[in-house]
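What follows is a set of notes on a single structure, which appears directly below.
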Amino acid sequence: MTKNIAAKIDLILHATEDFQKIVEPLDDLFGIESDEIAKREVTGHFGNPIFMLHVDLKKKRAEQFIKKFVSTIPRDIITGLLANIEEQIFESAMYIRFSKQDFVKKILTVEEKDPIRVAIYIPTYVKKNIPETYRKLLSENNGNA
């Protein structure tokens, strides 16, 4: 992969949700430890605490995560992502959203509502090559495909 590769993970954790239930699968599946997770508290509409969780990975660390992440995605999801890759790309980054509820069970399923959002950025200098760059990434690093 390239030296300027980056990956970001973002999610919202509500007051009723357990931080540890997110940390465990992040560590078990991807080797992301709790000290790598930035946690920012904001106040919800009804005064309830909401935590914005963010992981920012760069270069070698991002590459390690991406390989583990892509190899964990089930074959049927990879097939769907490959078929609709343009819908996953925004401003040169590929975004994949997974169910937070299934993630705590260490299962990756695509979900748009209350997701864990993973953004992967690979510098690609020719705009028309961007979809192919991400197709290659998904195909080459998925042992399930």
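We name chains A, B, ... following the order of the structure tokens; residues begin at 1 in each chain, and ligands are numbered from 1 as shown.
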Name all residues at most 12 Å from Asp35 in chain A (count only C-alpha atoms; drop same-chain ones fewer than 4 positions away) and give them as a list in words. Val23, Leu26, Asp27, Gly31, Lys39, Leu53, His54, Val55 and Asp56 of chain A
Pull the closest atom pair for each residue of range 117-136 of chain A that gets at most 7 Å from range 3-21 of chain A, along with the distance in Å to one decimal, counting only C-alpha atoms, ordering rows by chain and then ascending residue number, as a Markdown table.
| residue | atom | partner | partner_atom | distance |
| --- | --- | --- | --- | --- |
| A:Arg117 | CA | A:Asp10 | CA | 5.2 |
| A:Val118 | CA | A:Ile9 | CA | 4.6 |
| A:Ala119 | CA | A:Lys8 | CA | 5.1 |
| A:Ile120 | CA | A:Ala7 | CA | 4.5 |
| A:Tyr121 | CA | A:Ala6 | CA | 5.1 |
| A:Ile122 | CA | A:Ile5 | CA | 4.8 |
| A:Pro123 | CA | A:Asn4 | CA | 6.7 |
Keeping only C-alpha atoms, take the residues you just selected and write them out as a compact mmCIF listing (two decimals), in the first residue's frame.
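And here is the file that came out, result_29.txt:
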# COMPACT_ATOMS: atom_id res chain seq x y z
CA ARG A 117 -18.35 4.49 10.37
CA VAL A 118 -15.02 3.44 8.90
CA ALA A 119 -13.29 5.81 6.47
CA ILE A 120 -10.30 4.68 4.46
CA TYR A 121 -8.21 7.13 2.50
CA ILE A 122 -5.64 6.11 -0.10
CA PRO A 123 -4.09 9.01 -2.03
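Between CA of Leu81 in chain A and CA of Ser99 in chain A lies a distance of 15.2 Å.
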Can you tell me, as a PyMOL selection string, what residues are no more than 10 Å from Leu138 in chain A when counting only C-alpha atoms, ignoring any on the same chain fewer than 6 positions away? chain A and resi 66-67+69-71+73+78-79+81-82+85+132+145
Selection export as a PDB file, in the first residue's frame, atoms kept: N, CA and C atoms:
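Now in again.pdb:
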ATOM      1  N   ILE A  66      -6.378  -1.800   8.169  1.00  0.00           N
ATOM      2  CA  ILE A  66      -7.140  -2.032   6.933  1.00  0.00           C
ATOM      3  C   ILE A  66      -7.062  -3.494   6.513  1.00  0.00           C
ATOM      4  N   LYS A  67      -5.895  -4.090   6.605  1.00  0.00           N
ATOM      5  CA  LYS A  67      -5.767  -5.511   6.241  1.00  0.00           C
ATOM      6  C   LYS A  67      -6.640  -6.384   7.142  1.00  0.00           C
ATOM      7  N   PHE A  69      -9.257  -5.372   8.945  1.00  0.00           N
ATOM      8  CA  PHE A  69     -10.642  -4.967   8.743  1.00  0.00           C
ATOM      9  C   PHE A  69     -11.239  -5.622   7.497  1.00  0.00           C
ATOM     10  N   VAL A  70     -10.558  -5.466   6.374  1.00  0.00           N
ATOM     11  CA  VAL A  70     -11.076  -6.000   5.108  1.00  0.00           C
ATOM     12  C   VAL A  70     -11.150  -7.519   5.145  1.00  0.00           C
ATOM     13  N   SER A  71     -10.181  -8.164   5.787  1.00  0.00           N
ATOM     14  CA  SER A  71     -10.199  -9.636   5.845  1.00  0.00           C
ATOM     15  C   SER A  71     -11.330 -10.155   6.739  1.00  0.00           C
ATOM     16  N   ILE A  73     -14.431  -8.723   6.799  1.00  0.00           N
ATOM     17  CA  ILE A  73     -15.722  -8.453   6.153  1.00  0.00           C
ATOM     18  C   ILE A  73     -16.201  -9.717   5.430  1.00  0.00           C
ATOM     19  N   ILE A  78     -18.623  -7.926   0.913  1.00  0.00           N
ATOM     20  CA  ILE A  78     -17.581  -7.509  -0.038  1.00  0.00           C
ATOM     21  C   ILE A  78     -18.168  -7.443  -1.443  1.00  0.00           C
ATOM     22  N   THR A  79     -18.936  -8.459  -1.819  1.00  0.00           N
ATOM     23  CA  THR A  79     -19.556  -8.493  -3.147  1.00  0.00           C
ATOM     24  C   THR A  79     -20.440  -7.266  -3.354  1.00  0.00           C
ATOM     25  N   LEU A  81     -20.255  -4.361  -1.717  1.00  0.00           N
ATOM     26  CA  LEU A  81     -19.417  -3.162  -1.739  1.00  0.00           C
ATOM     27  C   LEU A  81     -18.741  -2.994  -3.096  1.00  0.00           C
ATOM     28  N   LEU A  82     -18.233  -4.095  -3.644  1.00  0.00           N
ATOM     29  CA  LEU A  82     -17.565  -4.040  -4.949  1.00  0.00           C
ATOM     30  C   LEU A  82     -18.544  -3.624  -6.044  1.00  0.00           C
ATOM     31  N   ILE A  85     -19.299   0.323  -5.465  1.00  0.00           N
ATOM     32  CA  ILE A  85     -18.154   1.017  -4.869  1.00  0.00           C
ATOM     33  C   ILE A  85     -18.271   2.543  -4.966  1.00  0.00           C
ATOM     34  N   GLU A 132     -11.332   2.134  -8.746  1.00  0.00           N
ATOM     35  CA  GLU A 132     -10.511   0.939  -8.982  1.00  0.00           C
ATOM     36  C   GLU A 132      -9.502   0.724  -7.854  1.00  0.00           C
ATOM     37  N   ALA A 145     -13.340 -13.377   0.078  1.00  0.00           N
ATOM     38  CA  ALA A 145     -13.864 -13.133  -1.279  1.00  0.00           C
ATOM     39  C   ALA A 145     -13.425 -14.178  -2.265  1.00  0.00           C
TER      40      ALA A 145
END
Within range 78-141 of chain A, find each residue whose DSSP state, derived from the backbone, is strand (DSSP E), and express the selection as a PyMOL selection string. chain A and resi 89-90+93-99+115-121
Using N, CA and C atoms, can you export the residues from the last selection as a compact mmCIF listing (two decimals), in the first residue's frame?
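Full text of again.txt as output:
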# COMPACT_ATOMS: atom_id res chain seq x y z
N ILE A 89 -17.78 5.98 -1.95
CA ILE A 89 -16.68 6.95 -2.05
C ILE A 89 -17.21 8.37 -1.99
N PHE A 90 -16.57 9.17 -1.14
CA PHE A 90 -16.89 10.58 -1.03
C PHE A 90 -15.59 11.33 -0.80
N ALA A 93 -12.27 9.34 -0.32
CA ALA A 93 -12.20 8.35 0.77
C ALA A 93 -13.35 7.36 0.61
N MET A 94 -13.13 6.12 1.03
CA MET A 94 -14.17 5.10 1.00
C MET A 94 -14.75 4.99 2.41
N TYR A 95 -16.08 5.07 2.49
CA TYR A 95 -16.78 4.99 3.76
C TYR A 95 -17.60 3.70 3.80
N ILE A 96 -17.45 2.97 4.90
CA ILE A 96 -18.24 1.76 5.11
C ILE A 96 -18.86 1.89 6.50
N ARG A 97 -20.16 1.67 6.58
CA ARG A 97 -20.88 1.79 7.85
C ARG A 97 -21.39 0.42 8.28
N PHE A 98 -21.08 0.09 9.54
CA PHE A 98 -21.45 -1.21 10.08
C PHE A 98 -22.35 -1.06 11.30
N SER A 99 -23.17 -2.06 11.52
CA SER A 99 -24.07 -2.09 12.66
C SER A 99 -23.29 -2.12 13.97
N PRO A 115 -24.57 3.73 12.98
CA PRO A 115 -23.48 2.83 12.61
C PRO A 115 -22.15 3.14 13.27
N ILE A 116 -21.23 2.23 13.04
CA ILE A 116 -19.81 2.49 13.23
C ILE A 116 -19.32 2.84 11.84
N ARG A 117 -18.77 4.03 11.69
CA ARG A 117 -18.35 4.49 10.37
C ARG A 117 -16.84 4.35 10.24
N VAL A 118 -16.44 3.63 9.19
CA VAL A 118 -15.02 3.44 8.90
C VAL A 118 -14.72 4.19 7.61
N ALA A 119 -13.73 5.08 7.66
CA ALA A 119 -13.29 5.81 6.47
C ALA A 119 -11.87 5.39 6.16
N ILE A 120 -11.64 5.06 4.91
CA ILE A 120 -10.30 4.68 4.46
C ILE A 120 -9.90 5.65 3.36
N TYR A 121 -8.70 6.19 3.50
CA TYR A 121 -8.21 7.13 2.50
C TYR A 121 -6.88 6.63 1.94
Within range 36-131 of chain A, find each residue whose DSSP state, derived from the backbone, is helix (DSSP H, G or I), and express the selection as a ChimeraX atom specification. /A:36,59-72,75-83,85-88,100-103,127-131
